[in-house]
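Source file: model.txt. Holds: compact mmCIF, C-alpha atoms.
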# COMPACT_ATOMS: atom_id res chain seq x y z
CA MET D 234 -8.26 25.14 20.80
CA ALA D 235 -5.72 23.50 18.50
CA ASP D 236 -1.98 24.15 18.78
CA MET D 237 -0.63 26.71 16.32
CA LEU D 238 2.27 26.19 13.95
CA PRO D 239 4.16 28.90 12.05
CA ILE D 240 4.60 27.97 8.39
CA GLU D 241 6.10 29.58 5.33
CA LEU D 242 4.97 28.76 1.84
CA ASN D 243 4.95 30.03 -1.70
CA VAL D 244 1.49 30.49 -3.18
CA ASN D 245 1.24 31.57 -6.81
CA GLY D 246 4.73 33.05 -6.67
CA ARG D 247 4.15 34.99 -3.49
CA ARG D 248 5.82 34.10 -0.17
CA ARG D 249 3.48 33.82 2.77
CA ALA D 250 4.24 33.44 6.45
CA LEU D 251 1.27 32.26 8.47
CA ASP D 252 0.34 30.92 11.88
CA VAL D 253 -2.00 28.00 11.34
CA PRO D 254 -3.77 25.54 13.64
CA VAL D 255 -2.09 22.11 13.36
CA ASN D 256 -5.39 20.52 12.34
CA LEU D 257 -6.03 22.88 9.42
CA THR D 258 -5.82 21.32 5.97
CA LEU D 259 -3.99 23.05 3.14
CA LEU D 260 -7.30 23.19 1.28
CA ASP D 261 -9.05 25.09 4.08
CA MET D 262 -6.05 27.38 4.53
CA LEU D 263 -6.04 28.30 0.83
CA ARG D 264 -9.78 28.86 0.68
CA ASP D 265 -10.57 30.37 4.07
CA GLN D 266 -7.41 32.17 5.13
CA LEU D 267 -6.07 33.31 1.76
CA GLY D 268 -9.43 33.56 0.00
CA LEU D 269 -8.20 31.49 -2.96
CA THR D 270 -11.39 29.57 -3.65
CA GLY D 271 -10.23 28.21 -7.00
CA THR D 272 -9.02 25.12 -5.15
CA LYS D 273 -12.03 22.84 -4.68
CA GLU D 274 -12.94 20.15 -2.22
CA CYS D 275 -13.28 16.79 -3.97
CA CYS D 276 -14.89 13.59 -2.66
CA ASP D 277 -13.42 14.01 0.83
CA VAL D 278 -14.30 10.49 1.97
CA GLY D 279 -11.81 8.26 0.15
CA GLU D 280 -14.28 5.91 -1.50
CA MET B 103 -11.64 18.99 12.17
CA GLN B 104 -11.11 17.58 15.67
CA THR B 105 -8.15 18.84 17.71
CA PHE B 106 -4.95 16.92 18.35
CA ALA B 107 -1.34 17.69 19.15
CA TYR B 108 1.12 17.66 16.25
CA ARG B 109 4.71 16.43 16.59
CA ARG B 110 7.39 16.40 13.93
CA PRO B 111 10.38 14.43 15.27
CA ALA B 112 13.76 14.83 13.55
CA THR B 113 15.09 11.40 14.54
CA LEU B 114 13.83 7.84 14.59
CA ALA B 115 14.61 7.59 18.33
CA GLU B 116 12.37 10.58 19.05
CA ALA B 117 9.56 9.08 16.98
CA VAL B 118 9.84 5.73 18.83
CA ALA B 119 9.82 7.52 22.20
CA LEU B 120 6.69 9.46 21.22
CA LEU B 121 4.97 6.29 20.04
CA ASP B 122 5.96 4.51 23.24
CA ALA B 123 4.62 7.34 25.38
CA HIS B 124 1.28 7.69 23.61
CA GLY B 125 0.54 4.13 22.46
CA SER B 126 -2.80 3.79 20.73
CA ASP B 127 -3.54 7.51 21.27
CA ALA B 128 -0.88 8.31 18.65
CA ARG B 129 -1.20 8.07 14.88
CA LEU B 130 1.65 8.31 12.38
CA LEU B 131 1.40 10.74 9.49
CA ALA B 132 3.30 10.00 6.29
CA GLY B 133 1.19 10.79 3.21
CA GLY B 134 -1.95 11.22 5.31
CA THR B 135 -4.23 10.05 2.52
CA ASP B 136 -5.94 7.57 4.83
CA LEU B 137 -5.33 9.31 8.15
CA VAL B 138 -6.79 12.70 7.22
CA ILE B 139 -9.99 11.05 6.01
CA GLY B 140 -10.26 9.28 9.37
CA LEU B 141 -9.57 12.51 11.26
CA ARG B 142 -12.30 14.29 9.32
CA SER B 143 -14.88 11.56 9.73
CA GLY B 144 -14.02 10.97 13.39
CA SER B 145 -13.21 7.30 12.88
CA GLU B 146 -9.68 8.17 14.05
CA LYS B 147 -9.40 10.05 17.35
CA PRO B 148 -5.70 10.40 18.18
CA THR B 149 -4.53 12.83 20.85
CA VAL B 150 -1.24 13.20 18.98
CA VAL B 151 -0.32 12.99 15.30
CA ILE B 152 3.35 12.18 14.66
CA ASP B 153 4.60 13.43 11.30
CA ILE B 154 7.49 11.18 10.17
CA LYS B 155 8.37 13.08 6.98
CA ARG B 156 11.18 15.12 8.55
CA ILE B 157 13.03 12.12 10.02
CA ALA B 158 16.38 12.01 8.23
CA ASP B 159 16.64 8.20 8.44
CA LEU B 160 13.26 7.88 6.75
CA SER B 161 13.92 10.10 3.75
CA PRO B 162 12.24 8.71 0.64
CA GLY B 163 14.21 6.41 -1.60
CA ILE B 164 14.55 3.03 -3.27
CA ARG B 165 17.92 1.31 -2.95
CA GLU B 166 19.47 -1.93 -4.17
CA GLY B 167 21.94 -3.93 -2.08
CA ALA B 168 22.64 -7.39 -0.64
CA GLY B 169 20.37 -9.11 -3.15
CA ARG B 170 17.33 -7.02 -2.35
CA VAL B 171 15.63 -3.73 -3.03
CA THR B 172 14.58 -1.60 -0.05
CA ILE B 173 11.80 0.93 -0.32
CA GLY B 174 11.95 3.60 2.40
CA ALA B 175 8.91 4.30 4.56
CA THR B 176 8.15 7.74 3.16
CA THR B 177 8.49 6.73 -0.50
CA VAL B 178 5.33 7.68 -2.39
CA MET B 179 3.37 5.56 -4.86
CA ALA B 180 4.32 7.73 -7.85
CA GLU B 181 7.98 7.06 -7.12
CA VAL B 182 7.40 3.31 -6.68
CA ALA B 183 5.49 3.18 -9.97
CA ALA B 184 8.21 5.06 -11.90
CA ASN B 185 11.34 3.58 -10.28
CA SER B 186 13.64 1.67 -12.62
CA LEU B 187 14.62 -0.98 -10.02
CA VAL B 188 10.98 -1.69 -9.18
CA LYS B 189 10.05 -1.83 -12.86
CA ARG B 190 12.92 -4.19 -13.66
CA TYR B 191 12.59 -6.67 -10.77
CA PHE B 192 9.04 -6.17 -9.48
CA PRO B 193 6.93 -4.94 -12.41
CA ALA B 194 3.62 -6.07 -10.89
CA LEU B 195 4.31 -3.84 -7.86
CA ALA B 196 4.93 -0.90 -10.20
CA GLU B 197 1.63 -1.71 -11.93
CA ALA B 198 -0.24 -1.80 -8.63
CA ALA B 199 1.32 1.43 -7.34
CA ALA B 200 0.34 3.11 -10.62
CA VAL B 201 -3.39 2.50 -10.10
CA VAL B 202 -3.76 3.49 -6.44
CA GLY B 203 -6.13 6.45 -6.09
CA SER B 204 -5.48 9.39 -8.40
CA VAL B 205 -2.38 11.33 -9.48
CA GLN B 206 -2.70 13.61 -6.45
CA ILE B 207 -3.04 10.62 -4.11
CA ARG B 208 -0.07 8.80 -5.67
CA ASN B 209 2.11 11.89 -5.23
CA ARG B 210 1.31 11.82 -1.52
CA ALA B 211 0.40 8.29 -0.41
CA THR B 212 3.27 6.05 0.69
CA LEU B 213 3.73 2.33 0.09
CA ALA B 214 4.41 1.79 3.81
CA GLY B 215 1.26 3.71 4.70
CA ASN B 216 -0.76 1.61 2.30
CA ILE B 217 0.20 -1.60 4.09
CA CYS B 218 0.07 -0.14 7.62
CA ASN B 219 -3.49 1.01 6.95
CA ALA B 220 -4.06 -2.70 6.21
CA SER B 221 -7.08 -2.21 4.02
CA ALA B 222 -8.15 -5.56 2.61
CA ALA B 223 -8.42 -3.74 -0.73
CA ALA B 224 -4.86 -2.32 -0.68
CA ASP B 225 -3.63 -2.73 -4.25
CA THR B 226 0.04 -3.02 -3.31
CA ALA B 227 -0.55 -5.90 -0.87
CA PRO B 228 -0.95 -8.71 -3.45
CA PRO B 229 2.31 -7.92 -5.31
CA LEU B 230 4.18 -7.55 -2.00
CA LEU B 231 2.89 -11.00 -1.00
CA VAL B 232 3.79 -12.50 -4.36
CA TYR B 233 7.31 -11.03 -4.30
CA GLY B 234 7.93 -12.22 -0.72
CA ALA B 235 8.39 -8.79 0.85
CA THR B 236 9.64 -8.24 4.39
CA VAL B 237 8.45 -5.33 6.51
CA VAL B 238 11.21 -3.72 8.57
CA ALA B 239 9.89 -2.20 11.80
CA VAL B 240 11.66 -0.33 14.58
CA GLY B 241 10.51 -0.06 18.18
CA SER B 242 12.03 0.52 21.60
CA ALA B 243 13.14 -3.15 21.60
CA GLY B 244 15.06 -2.72 18.35
CA THR B 245 14.55 -3.72 14.73
CA ARG B 246 12.17 -6.49 13.67
CA ARG B 247 11.81 -8.05 10.20
CA ILE B 248 8.27 -9.24 9.59
CA PRO B 249 7.44 -11.41 6.55
CA ILE B 250 4.54 -9.74 4.76
CA THR B 251 2.58 -13.03 5.06
CA GLU B 252 2.59 -12.43 8.84
CA PHE B 253 1.84 -8.71 8.71
CA PHE B 254 -1.86 -8.33 7.90
CA VAL B 255 -4.47 -9.35 10.50
CA GLU B 256 -7.68 -7.70 9.34
CA SER B 257 -8.79 -4.34 7.98
CA GLY B 258 -6.87 -1.65 9.89
CA VAL B 259 -4.98 -4.18 12.03
CA THR B 260 -1.39 -5.39 11.57
CA THR B 261 1.00 -7.39 13.74
CA LEU B 262 3.02 -4.25 14.53
CA GLY B 263 3.44 -3.94 18.29
CA ARG B 264 2.92 -0.90 20.50
CA GLY B 265 5.52 1.72 19.70
CA GLU B 266 6.68 0.07 16.47
CA LEU B 267 6.88 1.89 13.18
CA VAL B 268 7.73 0.70 9.69
CA ILE B 269 11.00 2.11 8.35
CA GLY B 270 11.10 0.23 5.06
CA ILE B 271 9.97 -2.64 2.89
CA GLU B 272 12.50 -5.13 1.55
CA LEU B 273 12.00 -7.16 -1.61
CA PRO B 274 14.34 -10.03 -2.47
CA ILE B 275 15.52 -9.82 -6.09
CA PRO B 276 14.03 -12.89 -7.82
CA SER B 277 16.61 -15.64 -8.37
CA HIS B 278 14.66 -17.07 -11.32
CA ARG B 279 13.32 -15.33 -14.37
CA THR B 280 9.72 -14.38 -13.52
CA GLY B 281 6.59 -13.24 -15.29
CA ALA B 282 4.12 -11.32 -13.12
CA VAL B 283 1.07 -9.10 -13.38
CA HIS B 284 -1.26 -7.07 -11.17
CA LEU B 285 -4.93 -6.90 -12.13
CA ARG B 286 -7.94 -5.43 -10.42
CA ARG B 287 -11.63 -4.86 -10.85
CA THR B 288 -13.15 -1.50 -10.01
CA ARG B 289 -16.65 -0.08 -10.43
CA ARG B 290 -15.38 2.58 -12.75
CA ARG B 291 -12.13 3.41 -14.48
CA GLY B 292 -9.71 5.59 -12.60
CA HIS B 293 -10.02 6.77 -9.03
CA ASP B 294 -11.75 3.93 -7.18
CA LEU B 295 -11.14 1.22 -4.61
CA ALA B 296 -10.88 -2.33 -5.92
CA SER B 297 -13.68 -4.87 -5.75
CA VAL B 298 -11.01 -7.47 -6.43
CA THR B 299 -7.24 -6.79 -6.50
CA LEU B 300 -4.86 -9.55 -7.47
CA CYS B 301 -1.30 -10.46 -8.43
CA CYS B 302 0.09 -13.59 -10.06
CA SER B 303 3.66 -14.62 -10.83
CA VAL B 304 5.11 -17.63 -12.61
CA ASP B 305 8.84 -18.33 -12.51
CA GLU B 306 11.24 -20.43 -14.51
CA GLY B 307 11.35 -22.99 -11.71
CA GLY B 308 7.64 -23.69 -12.30
CA VAL B 309 6.44 -21.98 -9.12
CA THR B 310 3.16 -20.05 -9.38
CA ARG B 311 2.25 -17.51 -6.73
CA LEU B 312 -1.20 -15.94 -6.51
CA ALA B 313 -2.25 -13.27 -4.02
CA TYR B 314 -5.54 -11.46 -3.84
CA GLY B 315 -7.33 -8.85 -1.75
CA SER B 316 -10.68 -7.14 -1.29
CA VAL B 317 -12.42 -10.53 -1.07
CA GLY B 318 -11.99 -11.11 2.67
CA PRO B 319 -10.69 -9.47 5.85
CA ARG B 320 -7.06 -9.57 4.68
CA PRO B 321 -5.05 -10.16 1.51
CA LEU B 322 -3.91 -13.78 1.07
CA LEU B 323 -1.11 -15.62 -0.76
CA PHE B 324 -1.25 -19.07 -2.35
CA VAL B 325 1.69 -20.94 -3.87
CA ASP B 326 1.76 -23.87 -6.31
CA GLU B 327 5.15 -25.56 -6.36
CA THR B 328 4.05 -28.61 -8.34
CA GLY B 329 4.64 -26.86 -11.66
CA THR B 330 1.11 -27.70 -12.79
CA LEU B 331 -0.34 -24.18 -12.93
CA ALA B 332 2.73 -22.84 -14.69
CA ASP B 333 2.50 -25.46 -17.45
CA THR B 334 -0.21 -24.89 -20.05
CA GLY B 335 0.51 -28.42 -21.34
CA LYS B 336 -0.87 -29.99 -18.14
CA PRO B 337 -4.51 -31.19 -18.13
CA GLU B 338 -7.03 -28.37 -17.80
CA ASP B 339 -8.83 -30.24 -15.00
CA ALA B 340 -5.75 -30.48 -12.81
CA ARG B 341 -4.93 -26.81 -13.26
CA HIS B 342 -8.55 -25.85 -12.65
CA GLN B 343 -8.59 -27.82 -9.40
CA ILE B 344 -5.46 -26.12 -8.03
CA LEU B 345 -6.68 -22.64 -8.91
CA GLU B 346 -10.13 -23.35 -7.39
CA GLY B 347 -8.33 -24.42 -4.21
CA MET B 348 -6.62 -21.03 -4.16
CA PHE B 349 -9.90 -19.16 -4.75
CA ALA B 350 -11.47 -21.07 -1.83
CA GLY B 351 -9.65 -18.75 0.60
CA ALA B 352 -11.92 -15.86 -0.42
CA SER B 353 -14.68 -14.80 1.98
CA PRO B 354 -16.06 -11.46 0.76
CA SER B 355 -18.20 -9.42 3.12
CA LYS B 356 -21.94 -9.08 2.53
CA ARG B 357 -21.87 -5.59 3.99
CA SER B 358 -19.51 -3.89 1.56
CA MET B 359 -21.11 -1.26 -0.65
CA ARG B 360 -18.68 -1.82 -3.53
CA ALA B 361 -19.76 -5.21 -4.82
CA SER B 362 -21.77 -8.27 -3.78
CA PRO B 363 -19.91 -11.38 -2.58
CA GLU B 364 -21.20 -13.31 -5.62
CA TYR B 365 -19.84 -10.72 -8.02
CA ARG B 366 -16.48 -10.57 -6.28
CA LEU B 367 -16.08 -14.35 -6.34
CA ALA B 368 -17.04 -14.47 -10.02
CA MET B 369 -14.54 -11.70 -10.85
CA LEU B 370 -11.84 -13.33 -8.73
CA ARG B 371 -12.07 -16.42 -10.97
CA VAL B 372 -12.02 -14.39 -14.17
CA LEU B 373 -9.09 -12.22 -13.07
CA GLY B 374 -7.24 -15.17 -11.52
CA TRP B 375 -7.23 -17.14 -14.77
CA ARG B 376 -6.42 -14.05 -16.81
CA ALA B 377 -3.52 -13.13 -14.51
CA LEU B 378 -2.13 -16.67 -14.61
CA GLN B 379 -2.13 -16.66 -18.41
CA THR B 380 -0.60 -13.17 -18.56
CA ALA B 381 2.14 -14.18 -16.09
CA ILE B 382 2.94 -17.24 -18.24
CA ASP B 383 3.03 -15.07 -21.38
CA ARG B 384 5.30 -12.53 -19.72
CA LEU B 385 7.68 -15.24 -18.54
CA ALA B 386 7.85 -16.47 -22.15
CA GLU B 387 8.66 -12.91 -23.26
CA GLU B 388 11.39 -12.69 -20.62
CA ARG B 389 12.91 -15.87 -22.04
CA THR B 390 12.75 -14.56 -25.60
CA ASN B 391 14.34 -11.28 -24.61
CA GLY B 392 17.11 -13.20 -22.89
File written out as structure tokens:
Amino acid sequence: MADMLPIELNVNGRRRALDVPVNLTLLDMLRDQLGLTGTKECCDVGE
Amino acid sequence: MQTFAYRRPATLAEAVALLDAHGSDARLLAGGTDLVIGLRSGSEKPTVVIDIKRIADLSPGIREGAGRVTIGATTVMAEVAANSLVKRYFPALAEAAAVVGSVQIRNRATLAGNICNASAAADTAPPLLVYGATVVAVGSAGTRRIPITEFFVESGVTTLGRGELVIGIELPIPSHRTGAVHLRRTRRRGHDLASVTLCCSVDEGGVTRLAYGSVGPRPLLFVDETGTLADTGKPEDARHQILEGMFAGASPSKRSMRASPEYRLAMLRVLGWRALQTAIDRLAEERTNG
């Protein structure tokens, strides 16, 4: 289990306070935790 | 994604202590544009990731002083590309920083990270070689200044020691008027890694410097101090011979998916000549503009 980190951020004008695993990407947090699936995964492999 | 511990030191001393304690099990996070890809794919397996973005001494910035310009370790590519000092003294570095990755990448990726990742295809490496950059590193033994020509070993490997981290990159302000350019060849326009990446400068003293990457395990620098390459009045044969000698350092891999060795060598010659001519033209413009 990954360590957790409390974070605060502003998403679309709304303040959010969340506990997130330290290995969670912003992309996955937006899509999976906040349900904002408008943000898409791109090539992901850096080539 | 795999699990790892995350540390966010507030001071350089704390970061050095963490690096010392964890050695090769630690990875530094600045922009993360290379690291996160490695963490996802599993090619990087650190037990601890050390985020250096909150270290006060490493706050982003580009400063001039003592005859040089220093670019802080957390300075991102977008800032390097847009900075007035970089554009004035080191325009080919600004050009290179402006073509790394995409807008999103350039807003995140750092110049220091680009060289510490030591990709042979790093676009900022050739201009840093041409401009005679020095890498400033800090470790438990103190500060070390490493000429960029002694920094790259092979892809992913630098001469940084255990526990050392880069705190900045210094560039000496050219003493002569200089014309320089960065050029590269990619498979498609925009977001791509280079099949050949190259920088050439010609100065008023007649010195020509050529550096190239993505055609061997590490980026290389070649210098012509005879004044022959810089002088279009010299015989074509003599200039051709010197430039061919510089291209002879290339040893592109057969295994890369981006381009065949034959293609890379052919493009290296085309871009090398083109860059030399452009550098000469730009030096002439510098002279005209006084």
I want to know what sits within 9 Å of stretch 199-203 of chain B, based on all atoms listed in the file, with residues of the same chain fewer than 5 positions away left out; could you give that as a ChimeraX atom specification?
/D:279 /B:178-184,194,208,211,213,224-226,292-295
Produce a table with one row for each residue of chain B that has an atom at most 8 Å from any atom of chain D, each row naming the nearest atom pair and its distance in Å at one decimal; use all atoms listed in the file; arrange rows by chain and rising residue number; format as a Markdown table.
| residue | atom | partner | partner_atom | distance |
| --- | --- | --- | --- | --- |
| B:Met103 | CA | D:Asn256 | CA | 6.4 |
| B:Gln104 | CA | D:Asn256 | CA | 7.2 |
| B:Thr105 | CA | D:Ala235 | CA | 5.3 |
| B:Phe106 | CA | D:Ala235 | CA | 6.6 |
| B:Ala107 | CA | D:Asp236 | CA | 6.5 |
| B:Tyr108 | CA | D:Val255 | CA | 6.2 |
| B:Asp136 | CA | D:Gly279 | CA | 7.5 |
| B:Ile139 | CA | D:Val278 | CA | 5.9 |
| B:Ser143 | CA | D:Val278 | CA | 7.9 |
| B:Asp294 | CA | D:Glu280 | CA | 6.5 |
| B:Leu295 | CA | D:Glu280 | CA | 6.4 |
At a cut-off of 10 Å, using all atoms listed in the file, what residues contact stretch 348-352 of chain B? Leave out same-chain residues fewer than 2 positions from it and give the result as a PyMOL selection string.
chain B and resi 311-326+342-346+354-355+363+366-367+370-371+374
Need the shell around B:Ala377: protein/DNA/RNA residues with any atom at most 10 Å away, counting only C-alpha atoms. Skip same-chain ones fewer than 6 positions apart. Format as a list of chain:residue names?
B:Ala282, B:Val283, B:His284, B:Leu285, B:Arg286, B:Leu300, B:Cys301, B:Cys302, B:Ser303, B:Val304, B:Leu312, B:Arg371, B:Asp383
Using only C-alpha atoms, please write the residues we just selected to a file, as a JSON list (two decimals), keeping the file's coordinate frame.
[["chain", "number", "residue", "atom", "x", "y", "z"],
["B", 282, "ALA", "CA", 4.12, -11.32, -13.12],
["B", 283, "VAL", "CA", 1.07, -9.10, -13.38],
["B", 284, "HIS", "CA", -1.26, -7.07, -11.17],
["B", 285, "LEU", "CA", -4.93, -6.90, -12.13],
["B", 286, "ARG", "CA", -7.94, -5.43, -10.42],
["B", 300, "LEU", "CA", -4.86, -9.55, -7.47],
["B", 301, "CYS", "CA", -1.30, -10.46, -8.43],
["B", 302, "CYS", "CA", 0.09, -13.59, -10.06],
["B", 303, "SER", "CA", 3.66, -14.62, -10.83],
["B", 304, "VAL", "CA", 5.11, -17.63, -12.61],
["B", 312, "LEU", "CA", -1.20, -15.94, -6.51],
["B", 371, "ARG", "CA", -12.07, -16.42, -10.97],
["B", 383, "ASP", "CA", 3.03, -15.07, -21.38]]
Residue neighbourhood B:Asn185, 10 Å, only C-alpha atoms, exclusion window fewer than 6 positions, as a list in words
Gly163, Ile164, Met179, Pro193 and Ala196 of chain B
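Across the model, the gap from atom CA of B:Lys155 to atom CA of B:Leu131 is 7.8 Å.
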Proximity to B:Ala117 - best of B:Pro337, B:Gly169, B:Gly241, B:Gly329, all atoms listed in the file
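Smallest separation from B:Ala117 among the options: B:Gly241.
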Enter the distance from atom CA of B:Ala361 to atom CA of B:Asn219, in Å, rounded to one decimal.
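So the two atoms, atom CA of B:Ala361 and atom CA of B:Asn219, lie 21.0 Å apart.
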Which one of B:Pro111, B:Gly263, B:Pro276, B:Gly140 sits closest to B:Val309 if you count all atoms listed in the file?
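Closest residue, counting all atoms listed in the file: B:Pro276.
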Grab the atom CA of D:Leu242 to atom CA of B:Glu116 distance for me, in Å with one decimal place.
26.1 Å
Leaving out D:Leu251 and any residue of its chain fewer than 4 positions from it, which residues lie within 8 Å of it when counting all atoms listed in the file, given as an MDAnalysis selection string?
chainID D and resid 239:241
Of B:Ala340, B:Val171, B:Ala132, B:Val298, the one sitting nearest B:Thr236 when using all atoms listed in the file is B:Val171
